[in-house]
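Novice: Take this structure first; my questions come after.
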Amino acid sequence: MKQVAIIFSGCGVFDGAEIHESVLTMLHLEQQGIQYRCFAPDIEQHHVINHLTGEEQAETRNVLTEAARIARGDIQNLDQLNADDFAALVIPGGFGVAKNLSDFAFKGPESQVLDALKSVCQQFNTQQKPITYLCIAPALIGHIHQPGTKATIGNDADTAAAVTALGAEHVECAVTDIIVDEQQKVISTPAYMLAGNISEASAGIEKAIKRLAQLID
C-alpha cells in the first residue's frame, strides 16, 4: 500500500502545527485508505506560546518532541524522510510552519525555509509526487516550486502579497475549496486561514486529501 509523509511543525496553533488540521489530515488520509508516517525536525521551537493567554513563555521546547504529541509518539526526525519511500507529502498549517519550518511570520517576502524541509520537498517535486499544503503552509510554495505555481492562503491581502512576492501565483479560495496546480502537482486549501470552526476546516482538507489520492493513483 502506498504511504504519504506528513510533516509537523510542533504542537499548537500559535507556535507549532495546528492540531485540528493535523488530526484531520490523518483522519482523511485513513478514510481514503492511505497509510501515513509522521515527521518533524529535531530543532528548538522559535518560542513557546501560552495558548490560554496568548503570551510568550520563558521556556524552550523541541519541535519533534512536541509534534510527537499529535502523532502519539509514532514519529521520526525529518532528516530520516526519504521521498523515494512515499507517494506524496502533506504539510498541515499552524504558526509553526511560519516560525519553525521557515521565518515567514517575521520576514514575509524576505523569508527563508529550513534547509532540511526545502530539500525534502524538492525531492518530492523532482520525482513529480504531489504535495498538499494546508492553511499558512502554502507560504512555502514559492521557495520550493517553480515560479508561478498556483497557491492559496484564502483571501488575506497582505499574506497573499507576500506569497506572490516569493514567486507563487496566489489564487483566492473559499474555505471549503482547494486550489490545484496540475503541472506541479501542488494542492492547497485555506483551512484555518478562513475556517470559523472545525467542520469548515475539515471540508477543505477532505477535498484536498481526496484530490491527493487521485493524483497518487
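Simple scheme: letters A, B, ... for chains in C-alpha cells order, numbers from 1 for residues in each chain, numbers from 1 for ligands in the order shown.
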Taking the chain letters and numbering used in this document, name the residues of chain A that DSSP puts in helix (DSSP H, G or I), as a count of residues only.
Specialist: 90
Novice: Write out as a PyMOL selection string which residues come within 12 Å of Asn50 (chain A) when counting only C-alpha atoms, dropping same-chain ones fewer than 4 positions away.
Specialist: chain A and resi 11-16+54-59
Novice: Which residue, A:Gln184, A:Asn197, A:Thr25, A:Ser9, has the smallest gap to Val63 (chain A) when you use only C-alpha atoms?
Specialist: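 Between A:Gln184, A:Asn197, A:Thr25, A:Ser9, the residue approaching Val63 (chain A) most closely is A:Ser9.
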Novice: Of the residues A:Leu89, A:Ile70, A:Gln127, A:Phe39, which is the one nearest to His20 (chain A), using only C-alpha atoms?
Specialist: A:Ile70
Novice: Could you build a table of the residues in region 50-103 of chain A lying no more than 10 Å from region 134-157 of chain A, giving for each the nearest pair of atoms and their separation in Å rounded to one decimal place, using only C-alpha atoms, ordered by chain and ascending residue number, as a tab-separated table?
Specialist:
```
residue	atom	partner	partner_atom	distance
A:Val90	CA	A:Leu134	CA	7.9
A:Ile91	CA	A:Leu134	CA	6.2
A:Pro92	CA	A:Leu134	CA	4.9
A:Gly93	CA	A:Cys135	CA	4.8
A:Gly94	CA	A:Ile136	CA	6.7
A:Phe95	CA	A:Ile136	CA	7.5
A:Gly96	CA	A:Ala137	CA	9.4
A:Val97	CA	A:Ala137	CA	6.0
A:Ala98	CA	A:Ile136	CA	7.3
A:Leu101	CA	A:Leu140	CA	8.9
A:Ser102	CA	A:Leu140	CA	7.8
```
